[in-house]
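K.L.:
Structure incoming, see below.
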Number of protein chains: 2
Amino acid sequence: MKRKSFAGMSCSIARALDEVGEWWSLLIVRECTQGTTRFDEFQRELGVARNILTARLDRLIELGIIETFALEDRANTVGYRLTGKGEALYPVLASLKQWGDQWINDGKPSTEWVEDATGEPLGEMVVRTSGGRPVSFRDIRYKIGPGAMPTTPATVENRNRRVLGRD
Amino acid sequence: MKRKSFAGMSCSIARALDEVGEWWSLLIVRECTQGTTRFDEFQRELGVARNILTARLDRLIELGIIETFALEDRANTVGYRLTGKGEALYPVLASLKQWGDQWINDGKPSTEWVEDATGEPLGEMVVRTSGGRPVSFRDIRYKIGPGAMPTTPATVENRNRRVLGRD
């Protein structure tokens, strides 16, 4: 599929997919949450050529999703770790894990995530209102936001009409 | 980056990315949550050639993420809509939206999602324990799950040692 550039689009999902919508980017973020820091560890885990991995890490650094840091035990070598922006992707990873657990691995995942301190399992990632009611996309109305573009009102009106049956 | 096949891997995240880890797949799912059902609507919204869109929709049908249905007002033409497996991706979309809202659109999204019935905004997608405590990946211990493969114990041990500093 020819890639349409989303840079001019204001939709946060499209813009997020511009940054992390290629399979390798979230896999690198996943590696970081699994404690991978060294170039050769990423290479081994992801099974990818050095030059290509270099380009991918550089791209994530450019986007501010990962950053380099000095490795204590290896002079002149840097490690890679998540920035705040990168760590903020954890709900995306957890949602993907739970979806894969249920819909691809038939509820029998190879690993389970529990809180280290208590052993308590993870809660289910559910889309809720601020008051806590679970909602599906059919319960959601789009509103024009503070970053609206000239085309936003028509987009919002069209979406609400199609999903809710009215503007 | 040369794509490593994840079919033999048990990690739910890797397998989920095998199915929806290309930018276009989640954009098609997003379109469905915005009420898009007709082929020409997907084509217009996504700006893509007919033959390529056909292949992408066929792939999502094959994966059981979307399904066709008879359009009431157009004989001999099918519409496309999410299956249960496809609708279950909504937490992934909501997490991506909120991440894009905050980290790309500087907290000023073009659209806001509210509950239609009450106008209540969406709650923040947060990774929590089943008891409700917010957790980061640094609080999480991996446990061997019911779908473990022969390599899983070493993976789990390695991950917990690196992130938690012990097995």
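Simple scheme: letters A, B, ... for chains in structure tokens order, numbers from 1 for residues in each chain, numbers from 1 for ligands in the order shown.
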Excluding Asn160 (chain B) and its own-chain neighbours fewer than 2 positions away, which residues fall within 12 Å of it when counting only C-alpha atoms? Please give them as a PyMOL selection string.
P.N.:
(chain A and resi 33-36+111+113-116) or (chain B and resi 137-144+153-158+162-167)
K.L.:
Any chance you could export the current selection's N, CA and C atoms as a PDB file, in the first residue's frame?
P.N.:
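out.pdb, freshly written:
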```
ATOM      1  N   THR A  33      11.695  -2.272  27.294  1.00  0.00           N
ATOM      2  CA  THR A  33      10.966  -2.590  28.531  1.00  0.00           C
ATOM      3  C   THR A  33      11.381  -3.948  29.074  1.00  0.00           C
ATOM      4  N   GLN A  34      12.155  -4.697  28.282  1.00  0.00           N
ATOM      5  CA  GLN A  34      12.645  -5.988  28.748  1.00  0.00           C
ATOM      6  C   GLN A  34      14.107  -5.908  29.163  1.00  0.00           C
ATOM      7  N   GLY A  35      14.591  -4.662  29.290  1.00  0.00           N
ATOM      8  CA  GLY A  35      15.924  -4.481  29.843  1.00  0.00           C
ATOM      9  C   GLY A  35      17.053  -4.512  28.826  1.00  0.00           C
ATOM     10  N   THR A  36      16.727  -4.575  27.561  1.00  0.00           N
ATOM     11  CA  THR A  36      17.761  -4.545  26.526  1.00  0.00           C
ATOM     12  C   THR A  36      18.321  -3.128  26.417  1.00  0.00           C
ATOM     13  N   THR A 111       4.006 -15.737  28.507  1.00  0.00           N
ATOM     14  CA  THR A 111       4.401 -15.049  29.740  1.00  0.00           C
ATOM     15  C   THR A 111       3.223 -14.258  30.289  1.00  0.00           C
ATOM     16  N   TRP A 113       2.304 -11.003  33.038  1.00  0.00           N
ATOM     17  CA  TRP A 113       2.901  -9.865  33.719  1.00  0.00           C
ATOM     18  C   TRP A 113       2.223  -9.692  35.070  1.00  0.00           C
ATOM     19  N   VAL A 114       3.010  -9.665  36.135  1.00  0.00           N
ATOM     20  CA  VAL A 114       2.449  -9.430  37.468  1.00  0.00           C
ATOM     21  C   VAL A 114       3.230  -8.303  38.145  1.00  0.00           C
ATOM     22  N   GLU A 115       2.591  -7.639  39.102  1.00  0.00           N
ATOM     23  CA  GLU A 115       3.306  -6.617  39.863  1.00  0.00           C
ATOM     24  C   GLU A 115       4.354  -7.328  40.716  1.00  0.00           C
ATOM     25  N   ASP A 116       5.588  -6.877  40.616  1.00  0.00           N
ATOM     26  CA  ASP A 116       6.673  -7.573  41.309  1.00  0.00           C
ATOM     27  C   ASP A 116       6.445  -7.609  42.822  1.00  0.00           C
TER      28      ASP A 116
ATOM     29  N   PHE B 137       6.812  -0.500  33.535  1.00  0.00           N
ATOM     30  CA  PHE B 137       7.431  -1.800  33.240  1.00  0.00           C
ATOM     31  C   PHE B 137       8.460  -2.174  34.297  1.00  0.00           C
ATOM     32  N   ARG B 138       8.950  -1.175  35.046  1.00  0.00           N
ATOM     33  CA  ARG B 138       9.942  -1.455  36.104  1.00  0.00           C
ATOM     34  C   ARG B 138       9.318  -2.141  37.326  1.00  0.00           C
ATOM     35  N   ASP B 139       7.982  -2.070  37.413  1.00  0.00           N
ATOM     36  CA  ASP B 139       7.277  -2.726  38.531  1.00  0.00           C
ATOM     37  C   ASP B 139       6.831  -4.137  38.176  1.00  0.00           C
ATOM     38  N   ILE B 140       7.052  -4.505  36.924  1.00  0.00           N
ATOM     39  CA  ILE B 140       6.459  -5.750  36.416  1.00  0.00           C
ATOM     40  C   ILE B 140       7.473  -6.892  36.440  1.00  0.00           C
ATOM     41  N   ARG B 141       7.014  -8.029  36.962  1.00  0.00           N
ATOM     42  CA  ARG B 141       7.767  -9.271  36.865  1.00  0.00           C
ATOM     43  C   ARG B 141       7.090 -10.174  35.834  1.00  0.00           C
ATOM     44  N   TYR B 142       7.895 -10.809  34.988  1.00  0.00           N
ATOM     45  CA  TYR B 142       7.340 -11.776  34.042  1.00  0.00           C
ATOM     46  C   TYR B 142       7.240 -13.122  34.738  1.00  0.00           C
ATOM     47  N   LYS B 143       6.144 -13.814  34.473  1.00  0.00           N
ATOM     48  CA  LYS B 143       5.953 -15.180  34.969  1.00  0.00           C
ATOM     49  C   LYS B 143       5.748 -16.097  33.774  1.00  0.00           C
ATOM     50  N   ILE B 144       6.140 -17.336  33.922  1.00  0.00           N
ATOM     51  CA  ILE B 144       5.920 -18.313  32.861  1.00  0.00           C
ATOM     52  C   ILE B 144       4.424 -18.577  32.741  1.00  0.00           C
ATOM     53  N   PRO B 153      11.322 -20.148  29.827  1.00  0.00           N
ATOM     54  CA  PRO B 153      11.942 -19.928  31.142  1.00  0.00           C
ATOM     55  C   PRO B 153      13.209 -19.080  31.066  1.00  0.00           C
ATOM     56  N   ALA B 154      14.059 -19.310  30.065  1.00  0.00           N
ATOM     57  CA  ALA B 154      15.289 -18.526  29.939  1.00  0.00           C
ATOM     58  C   ALA B 154      14.967 -17.070  29.610  1.00  0.00           C
ATOM     59  N   THR B 155      13.963 -16.859  28.760  1.00  0.00           N
ATOM     60  CA  THR B 155      13.553 -15.496  28.401  1.00  0.00           C
ATOM     61  C   THR B 155      13.061 -14.746  29.627  1.00  0.00           C
ATOM     62  N   VAL B 156      12.214 -15.407  30.415  1.00  0.00           N
ATOM     63  CA  VAL B 156      11.633 -14.794  31.607  1.00  0.00           C
ATOM     64  C   VAL B 156      12.730 -14.473  32.627  1.00  0.00           C
ATOM     65  N   GLU B 157      13.618 -15.422  32.845  1.00  0.00           N
ATOM     66  CA  GLU B 157      14.710 -15.239  33.811  1.00  0.00           C
ATOM     67  C   GLU B 157      15.608 -14.065  33.402  1.00  0.00           C
ATOM     68  N   ASN B 158      15.940 -14.046  32.129  1.00  0.00           N
ATOM     69  CA  ASN B 158      16.810 -13.009  31.586  1.00  0.00           C
ATOM     70  C   ASN B 158      16.163 -11.626  31.717  1.00  0.00           C
ATOM     71  N   ARG B 162      17.431  -8.523  34.199  1.00  0.00           N
ATOM     72  CA  ARG B 162      17.857  -7.243  33.647  1.00  0.00           C
ATOM     73  C   ARG B 162      17.038  -6.077  34.190  1.00  0.00           C
ATOM     74  N   VAL B 163      15.725  -6.266  34.326  1.00  0.00           N
ATOM     75  CA  VAL B 163      14.871  -5.144  34.724  1.00  0.00           C
ATOM     76  C   VAL B 163      14.755  -5.026  36.243  1.00  0.00           C
ATOM     77  N   LEU B 164      14.651  -6.167  36.931  1.00  0.00           N
ATOM     78  CA  LEU B 164      14.438  -6.128  38.384  1.00  0.00           C
ATOM     79  C   LEU B 164      15.742  -6.350  39.151  1.00  0.00           C
ATOM     80  N   GLY B 165      16.786  -6.744  38.431  1.00  0.00           N
ATOM     81  CA  GLY B 165      18.072  -6.980  39.088  1.00  0.00           C
ATOM     82  C   GLY B 165      18.158  -8.332  39.778  1.00  0.00           C
ATOM     83  N   ARG B 166      17.157  -9.200  39.508  1.00  0.00           N
ATOM     84  CA  ARG B 166      17.182 -10.544  40.090  1.00  0.00           C
ATOM     85  C   ARG B 166      16.177 -11.403  39.320  1.00  0.00           C
ATOM     86  N   ASP B 167      16.221 -12.707  39.528  1.00  0.00           N
ATOM     87  CA  ASP B 167      15.347 -13.613  38.779  1.00  0.00           C
ATOM     88  C   ASP B 167      13.911 -13.533  39.287  1.00  0.00           C
TER      89      ASP B 167
END
```
K.L.:
Which residues come within 9 Å of Glu124 (chain B), counting only C-alpha atoms, excluding same-chain residues fewer than 2 positions away, as number ranges by chain?
P.N.:
A: 127-130; B: 94-95, 98, 122, 126
K.L.:
Fewer than 6 positions away in the same chain doesn't count, so skip those; otherwise give me all residues within 10 Å of Gly64 (chain A), counting only C-alpha atoms, as number ranges by chain.
P.N.:
A: 58, 82-86; B: 103
K.L.:
Give the alpha helix (DSSP H) residues of region 98-137 of chain A, as assigned by DSSP on the backbone, as number ranges by chain.
P.N.:
A: 98-103
K.L.:
For region 28-30 of chain A, work out the shell of residues within 12 Å, counting only C-alpha atoms and skipping chain neighbours fewer than 6 positions away, then give it as an MDAnalysis selection string.
P.N.:
(chainID A and resid 19:20 22 36:39 41:48 53:54 56:61 65:67 80:94 96:97) or (chainID B and resid 1 11:14 17 137 159)
